[in-house]
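K.L.:
Please read through the structure below; I'll follow up with questions.
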Amino acid sequence: MSHPLHTPKTVDPSTADILQYLIQARSITPNDAGTLCFLAAQLIELDFVVEQLDCNGVKNLIARREFGDGPTLAYSGHVDVVPAQPAGWVVDPFSGQIIDGVIYGRGAADMKGSIAAMLTATRQLCAKDKPGVGTFYWLITSDEEGEAEYGSLEIARYLRQRGVKLDACLVGEPTSNKLVGDTIKNGRRGAISGRITISGKAGHVAYPEKAINAAHIAGELVTQLARLQWQKDVPGSQTTLQITGISVPNIVDNLVPASCEITFNIRYSHAYKSHEICAEVASLTNQSKYSAQLQWERPCESFYTGSKTKRCFLSLVEHAISKQRGHFPSLSTAGGTSDGRFFASADTQVIECGVKNDSIHQVNEHVSLADLEIIEGIYTTILRDFFGVQ
C-alpha cells in the first residue's frame, strides 16, 4: 500500500518532520503503509544496501552499511501500530499534530519516535568523513504488535542463513519511565499462554453423587496453579501466573458440567526457559485426579544481557546515556515481550532503549519534541562510540 502523503520536502528533514510523516501513515499491523519504502529510500541515500523481505503479507526491511572490519551492530524496530479510534483524542490519532511542543499520534512513542531519532542519528554518523569501523544493520518489521510470526523472527532466520552474527542489537522500544534515559531493558521475561480442559461426568444437579463436576475440579486446580512456587526466580525478575478465564459449556442451571476450560498466562523470569515452565505446570496437571488436557499457546522466550569484560554493549549504552543525561540508567527486565528475543544469543547483547512509555497504546499517545531531541542525542552517542568515531 502506498503512503498517503508526500515525503518530507526538506533535504534533511528534522526528527520531528520524520516522525510526523511516519505517524500519518496508518500502519496498523501488519500493514506498513509505505513506511518501509520511505525508510529504504532514506537509507539508500546514506549508502546502505537495502533488501525487503516479504513473508505472508508482512514486509520487513534489512539494510546494511559496512564501514570496515569491526563489530556488527543492529538497530531493531517496528513501524506497525495498534489501532486507534478518534474518540477521546485531542487531535486525529494519525495526524502527528504538534501542540505545545508535543507530537500526538498513534505510534509516537511506540515506536516511530525511536525510528525517526535513529534515522537522524544514522545520517549524522554517515556524514562523517570517516564514519568508523564495523557494520551497521537496520532491521525493521511491520509485524510486532500482532502475532510476530513473520517479522523479526523471519529477519533473524534470514541473517542466520547467511552467516551474519550480530555483536550487539539496540531495540528502540520505549523503555523510559519518568525521564528519557532513566531506564533501559537488558532483558525481558518470557511469556506463554496455556489452556486446560477438565473432563468430568454430566448429571442432574439434584444427584451430584452420580456425576463428576468438572467445574469443581477446575476450581481446585486453579488454586493449585496460583500456589506454584518458582524457585529459580531472581531479584527484579519474578514469575507470575494469572488465570485469564474459566468457562463451562452449560446453557442450563440444573446440569452438572462434564467439562470446564481454564485459560492462563505466565510471565516468567529470565532465569527460566519455556520448557522448564511447561514442565512445572505439567507436573501438576498430569495428576490423574484432574483428568486434564494441557495445551500451550504463543510461547515467547525470555532473554537477558549481562556484562562482558570486553566490548560490552550494555556498558557502552549506560555510558552513552551518562554522557547525555549525567546519570546512569536503571536496568530492568519488566514489562511484556519484545522482538529483542529473536536476536538475543550467547554472541549478541541485546539492549532496549527508547522514549517514555507512559502513553503507549493509549488515547493521546505522544512524545515531546524535547524528549525526541534527547533520545536522538543518546542514539548518536551510541553509534559514535560503537563505531569508534572521533
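Residue names in the C-alpha cells use chain letters A, B, ... in the order shown, residue numbers from 1 in each chain, and ligand numbers from 1 in the order shown.
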Just the residues within 10 Å of A:Phe342, please, counting only C-alpha atoms, with nothing from its chain fewer than 3 positions along; format it as a tab-separated table (two decimals) with C-alpha atoms, in the first residue's frame.
P.N.:
```
chain	number	residue	atom	x	y	z
A	151	GLY	CA	8.51	-10.20	11.22
A	152	SER	CA	11.70	-10.11	13.26
A	153	LEU	CA	11.57	-13.89	13.65
A	154	GLU	CA	11.98	-14.18	9.87
A	155	ILE	CA	14.62	-11.44	9.81
A	156	ALA	CA	16.69	-13.29	12.42
A	157	ARG	CA	16.34	-16.54	10.47
A	300	CYS	CA	7.83	-16.07	23.84
A	301	GLU	CA	11.26	-16.90	25.23
A	302	SER	CA	12.95	-14.83	27.91
A	303	PHE	CA	16.35	-13.27	27.31
A	338	SER	CA	9.75	-7.62	22.63
A	339	ASP	CA	11.40	-8.56	19.35
A	345	SER	CA	22.12	-15.15	21.89
A	350	VAL	CA	20.50	-7.00	23.21
```
K.L.:
Quick one: DSSP strand (DSSP E or B) residues in stretch 85-248 of chain A, as a PyMOL selection string?
P.N.:
chain A and resi 98-99+102-104+134-141+168-171+176+183-185+187-188+190-199+201+203-204+212+234+237+240-247
K.L.:
Output as number ranges by chain all residues of stretch 86-157 of chain A that backbone DSSP marks as helix (DSSP H, G or I).
P.N.:
A: 108-126, 152-157
K.L.:
Between atom CA of A:Phe386 and atom CA of A:Asp69, what is the distance, to one decimal in Å?
P.N.:
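Atom CA of A:Asp69 lies 12.9 Å from atom CA of A:Phe386.
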K.L.:
Contacts of A:Glu173 at 8 Å or less, counting only C-alpha atoms, minus same-chain residues fewer than 2 places along, as a ChimeraX atom specification?
P.N.:
/A:77,110-111,114,171,175,338,352-355
K.L.:
Could you save those same residues with all heavy atoms as a PDB file, in the first residue's frame?
P.N.:
```
ATOM      1  N   GLY A  77      13.582  -2.406  15.007  1.00  0.00           N
ATOM      2  CA  GLY A  77      12.385  -1.619  15.307  1.00  0.00           C
ATOM      3  C   GLY A  77      11.183  -2.101  14.518  1.00  0.00           C
ATOM      4  O   GLY A  77      11.286  -2.999  13.673  1.00  0.00           O
ATOM      5  N   ASP A 110       5.559   4.441  20.574  1.00  0.00           N
ATOM      6  CA  ASP A 110       5.754   3.003  20.339  1.00  0.00           C
ATOM      7  C   ASP A 110       5.567   2.673  18.868  1.00  0.00           C
ATOM      8  O   ASP A 110       4.479   2.294  18.454  1.00  0.00           O
ATOM      9  CB  ASP A 110       4.769   2.216  21.196  1.00  0.00           C
ATOM     10  CG  ASP A 110       4.996   0.724  21.157  1.00  0.00           C
ATOM     11  OD1 ASP A 110       6.059   0.306  20.680  1.00  0.00           O
ATOM     12  OD2 ASP A 110       4.106  -0.025  21.607  1.00  0.00           O
ATOM     13  N   MET A 111       6.627   2.707  18.063  1.00  0.00           N
ATOM     14  CA  MET A 111       7.925   3.240  18.369  1.00  0.00           C
ATOM     15  C   MET A 111       8.490   4.047  17.207  1.00  0.00           C
ATOM     16  O   MET A 111       9.649   3.979  16.865  1.00  0.00           O
ATOM     17  CB  MET A 111       8.890   2.127  18.777  1.00  0.00           C
ATOM     18  CG  MET A 111       8.985   1.000  17.753  1.00  0.00           C
ATOM     19  SD  MET A 111      10.363  -0.147  18.048  1.00  0.00           S
ATOM     20  CE  MET A 111      11.723   0.875  17.495  1.00  0.00           C
ATOM     21  N   SER A 114      11.284   6.558  18.032  1.00  0.00           N
ATOM     22  CA  SER A 114      12.617   5.969  18.061  1.00  0.00           C
ATOM     23  C   SER A 114      13.197   5.857  16.652  1.00  0.00           C
ATOM     24  O   SER A 114      14.372   6.168  16.419  1.00  0.00           O
ATOM     25  CB  SER A 114      12.572   4.585  18.711  1.00  0.00           C
ATOM     26  OG  SER A 114      13.792   3.903  18.545  1.00  0.00           O
ATOM     27  N   VAL A 171      17.361  -2.206  20.462  1.00  0.00           N
ATOM     28  CA  VAL A 171      15.932  -2.228  20.150  1.00  0.00           C
ATOM     29  C   VAL A 171      15.327  -0.906  20.619  1.00  0.00           C
ATOM     30  O   VAL A 171      15.532  -0.498  21.760  1.00  0.00           O
ATOM     31  CB  VAL A 171      15.234  -3.420  20.839  1.00  0.00           C
ATOM     32  CG1 VAL A 171      13.760  -3.471  20.442  1.00  0.00           C
ATOM     33  CG2 VAL A 171      15.931  -4.723  20.474  1.00  0.00           C
ATOM     34  N   THR A 175      11.352   2.536  26.723  1.00  0.00           N
ATOM     35  CA  THR A 175      11.754   1.915  27.983  1.00  0.00           C
ATOM     36  C   THR A 175      11.796   2.876  29.153  1.00  0.00           C
ATOM     37  O   THR A 175      11.857   2.458  30.295  1.00  0.00           O
ATOM     38  CB  THR A 175      13.152   1.286  27.849  1.00  0.00           C
ATOM     39  OG1 THR A 175      14.092   2.314  27.504  1.00  0.00           O
ATOM     40  CG2 THR A 175      13.179   0.215  26.775  1.00  0.00           C
ATOM     41  N   SER A 338       9.354  -8.490  23.733  1.00  0.00           N
ATOM     42  CA  SER A 338       9.754  -7.622  22.630  1.00  0.00           C
ATOM     43  C   SER A 338      10.468  -8.458  21.582  1.00  0.00           C
ATOM     44  O   SER A 338      10.843  -9.618  21.818  1.00  0.00           O
ATOM     45  CB  SER A 338      10.675  -6.500  23.103  1.00  0.00           C
ATOM     46  OG  SER A 338      12.027  -6.931  23.184  1.00  0.00           O
ATOM     47  N   GLU A 352      17.440  -2.642  25.037  1.00  0.00           N
ATOM     48  CA  GLU A 352      16.327  -1.816  24.588  1.00  0.00           C
ATOM     49  C   GLU A 352      16.443  -0.437  25.212  1.00  0.00           C
ATOM     50  O   GLU A 352      16.646  -0.317  26.425  1.00  0.00           O
ATOM     51  CB  GLU A 352      15.002  -2.455  24.970  1.00  0.00           C
ATOM     52  CG  GLU A 352      14.802  -3.844  24.386  1.00  0.00           C
ATOM     53  CD  GLU A 352      13.502  -4.481  24.832  1.00  0.00           C
ATOM     54  OE1 GLU A 352      12.533  -3.728  25.085  1.00  0.00           O
ATOM     55  OE2 GLU A 352      13.448  -5.704  24.960  1.00  0.00           O
ATOM     56  N   CYS A 353      16.303   0.571  24.384  1.00  0.00           N
ATOM     57  CA  CYS A 353      16.438   1.947  24.867  1.00  0.00           C
ATOM     58  C   CYS A 353      15.562   2.846  24.011  1.00  0.00           C
ATOM     59  O   CYS A 353      15.705   2.876  22.784  1.00  0.00           O
ATOM     60  CB  CYS A 353      17.904   2.387  24.789  1.00  0.00           C
ATOM     61  SG  CYS A 353      18.193   4.119  25.228  1.00  0.00           S
ATOM     62  N   GLY A 354      14.662   3.567  24.656  1.00  0.00           N
ATOM     63  CA  GLY A 354      13.772   4.443  23.909  1.00  0.00           C
ATOM     64  C   GLY A 354      13.147   5.503  24.788  1.00  0.00           C
ATOM     65  O   GLY A 354      13.562   5.720  25.924  1.00  0.00           O
ATOM     66  N   VAL A 355      12.126   6.148  24.260  1.00  0.00           N
ATOM     67  CA  VAL A 355      11.472   7.256  24.951  1.00  0.00           C
ATOM     68  C   VAL A 355      10.565   6.738  26.069  1.00  0.00           C
ATOM     69  O   VAL A 355      10.521   5.539  26.347  1.00  0.00           O
ATOM     70  CB  VAL A 355      10.669   8.112  23.953  1.00  0.00           C
ATOM     71  CG1 VAL A 355      11.601   8.757  22.940  1.00  0.00           C
ATOM     72  CG2 VAL A 355       9.595   7.277  23.242  1.00  0.00           C
TER      73      VAL A 355
END
```
K.L.:
Find the residues near A:Gly113: any atom within 7 Å, counting only C-alpha atoms, skip ones fewer than 4 places away on the same chain, and give them as a PyMOL selection string.
P.N.:
chain A and resi 19+108-109+117+372
K.L.:
Go ahead and save the picked residues with C-alpha atoms, as a PDB file, in the first residue's frame.
P.N.:
```
ATOM      1  CA  LEU A  19       8.019  11.355  12.964  1.00  0.00           C
ATOM      2  CA  ALA A 108       4.558   8.452  18.509  1.00  0.00           C
ATOM      3  CA  ALA A 109       6.130   6.628  21.452  1.00  0.00           C
ATOM      4  CA  ALA A 117      15.512   9.687  16.034  1.00  0.00           C
ATOM      5  CA  LEU A 372      12.888  13.365  20.805  1.00  0.00           C
TER       6      LEU A 372
END
```
K.L.:
Could you name the residues that touch A:Gln52 at 7 Å or less, counting only C-alpha atoms, but leaving out those on the same chain fewer than 4 positions away, as a list of chain:residue names?
P.N.:
A:Lys59, A:Asn60, A:Leu61, A:Ile62
K.L.:
Within 6 Å of stretch 185-195 of chain A, counting only C-alpha atoms, which residues show up once you throw out same-chain ones fewer than 5 positions away? Write them as a PyMOL selection string, please.
P.N.:
chain A and resi 262-270+294-305+331-333+351-352
K.L.:
Based on the selection just made, write C-alpha atoms of those residues as a PDB file, in the first residue's frame.
P.N.:
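selection.pdb was written with the following content:
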```pdb
ATOM      1  CA  ILE A 262      -9.166 -22.883  32.188  1.00  0.00           C
ATOM      2  CA  THR A 263      -7.014 -20.375  30.360  1.00  0.00           C
ATOM      3  CA  PHE A 264      -3.973 -18.716  31.879  1.00  0.00           C
ATOM      4  CA  ASN A 265      -0.863 -16.723  31.068  1.00  0.00           C
ATOM      5  CA  ILE A 266       2.582 -16.948  32.634  1.00  0.00           C
ATOM      6  CA  ARG A 267       5.199 -14.192  32.551  1.00  0.00           C
ATOM      7  CA  TYR A 268       8.355 -15.895  33.651  1.00  0.00           C
ATOM      8  CA  SER A 269      11.744 -14.824  34.952  1.00  0.00           C
ATOM      9  CA  HIS A 270      14.699 -14.808  32.573  1.00  0.00           C
ATOM     10  CA  LEU A 294      -2.986 -29.198  28.685  1.00  0.00           C
ATOM     11  CA  GLN A 295      -2.224 -27.163  25.571  1.00  0.00           C
ATOM     12  CA  TRP A 296       0.355 -24.391  25.193  1.00  0.00           C
ATOM     13  CA  GLU A 297      -0.031 -21.271  23.065  1.00  0.00           C
ATOM     14  CA  ARG A 298       2.022 -18.245  21.996  1.00  0.00           C
ATOM     15  CA  PRO A 299       5.393 -19.011  23.607  1.00  0.00           C
ATOM     16  CA  CYS A 300       7.828 -16.071  23.840  1.00  0.00           C
ATOM     17  CA  GLU A 301      11.259 -16.896  25.228  1.00  0.00           C
ATOM     18  CA  SER A 302      12.945 -14.834  27.905  1.00  0.00           C
ATOM     19  CA  PHE A 303      16.346 -13.272  27.314  1.00  0.00           C
ATOM     20  CA  TYR A 304      18.951 -11.498  29.390  1.00  0.00           C
ATOM     21  CA  THR A 305      22.060  -9.448  28.655  1.00  0.00           C
ATOM     22  CA  LEU A 331      18.298  -1.780  34.379  1.00  0.00           C
ATOM     23  CA  SER A 332      15.006  -3.612  34.015  1.00  0.00           C
ATOM     24  CA  THR A 333      13.601  -6.833  32.583  1.00  0.00           C
ATOM     25  CA  ILE A 351      19.608  -3.717  24.874  1.00  0.00           C
ATOM     26  CA  GLU A 352      16.327  -1.816  24.588  1.00  0.00           C
TER      27      GLU A 352
END
```
K.L.:
Looking at A:Asn56, A:Tyr137, A:Pro13, A:Leu22, which one is nearest to A:Thr72, with distances taken over only C-alpha atoms?
P.N.:
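Looking only at the distances to A:Thr72, the closest residue turns out to be A:Tyr137.
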K.L.:
Using only C-alpha atoms, pick whichever of A:Gly88, A:Gly306, A:Gly107, A:Pro208 has the shortest atom-to-atom distance to A:Gln349.
P.N.:
A:Gly306
K.L.:
Between A:Ser291, A:Thr141, A:Ser322, A:Thr135, single out the one closest to A:Gly388, counting only C-alpha atoms.
P.N.:
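Among the listed residues, the smallest separation from A:Gly388 belongs to A:Thr135.
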K.L.:
Using only C-alpha atoms, which of the listed residues (A:Ser199, A:Gln324, A:Thr239, A:Asn250) sits closest to A:Ser274?
P.N.:
A:Thr239
K.L.:
Please compute the atom CA of A:Gly200-atom CA of A:Thr223 distance, one decimal, in Å.
P.N.:
18.0 Å
K.L.:
List as number ranges by chain the protein and nucleic acid residues near A:Pro30, meaning an atom at most 12 Å away when only C-alpha atoms are counted, but skip any in the same chain fewer than 5 places from it.
P.N.:
A: 1, 35-36, 54-60, 78-83, 141-151
K.L.:
With distances taken over only C-alpha atoms, which residue among A:Leu73, A:Val248, A:Ala282, A:Val133 lies nearest A:Cys169?
P.N.:
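Selected residue with least distance to A:Cys169: A:Leu73.
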K.L.:
Between A:Ile382, A:Ile99, A:Ala87, A:Val281, single out the one closest to A:Leu314, counting only C-alpha atoms.
P.N.:
A:Ile382
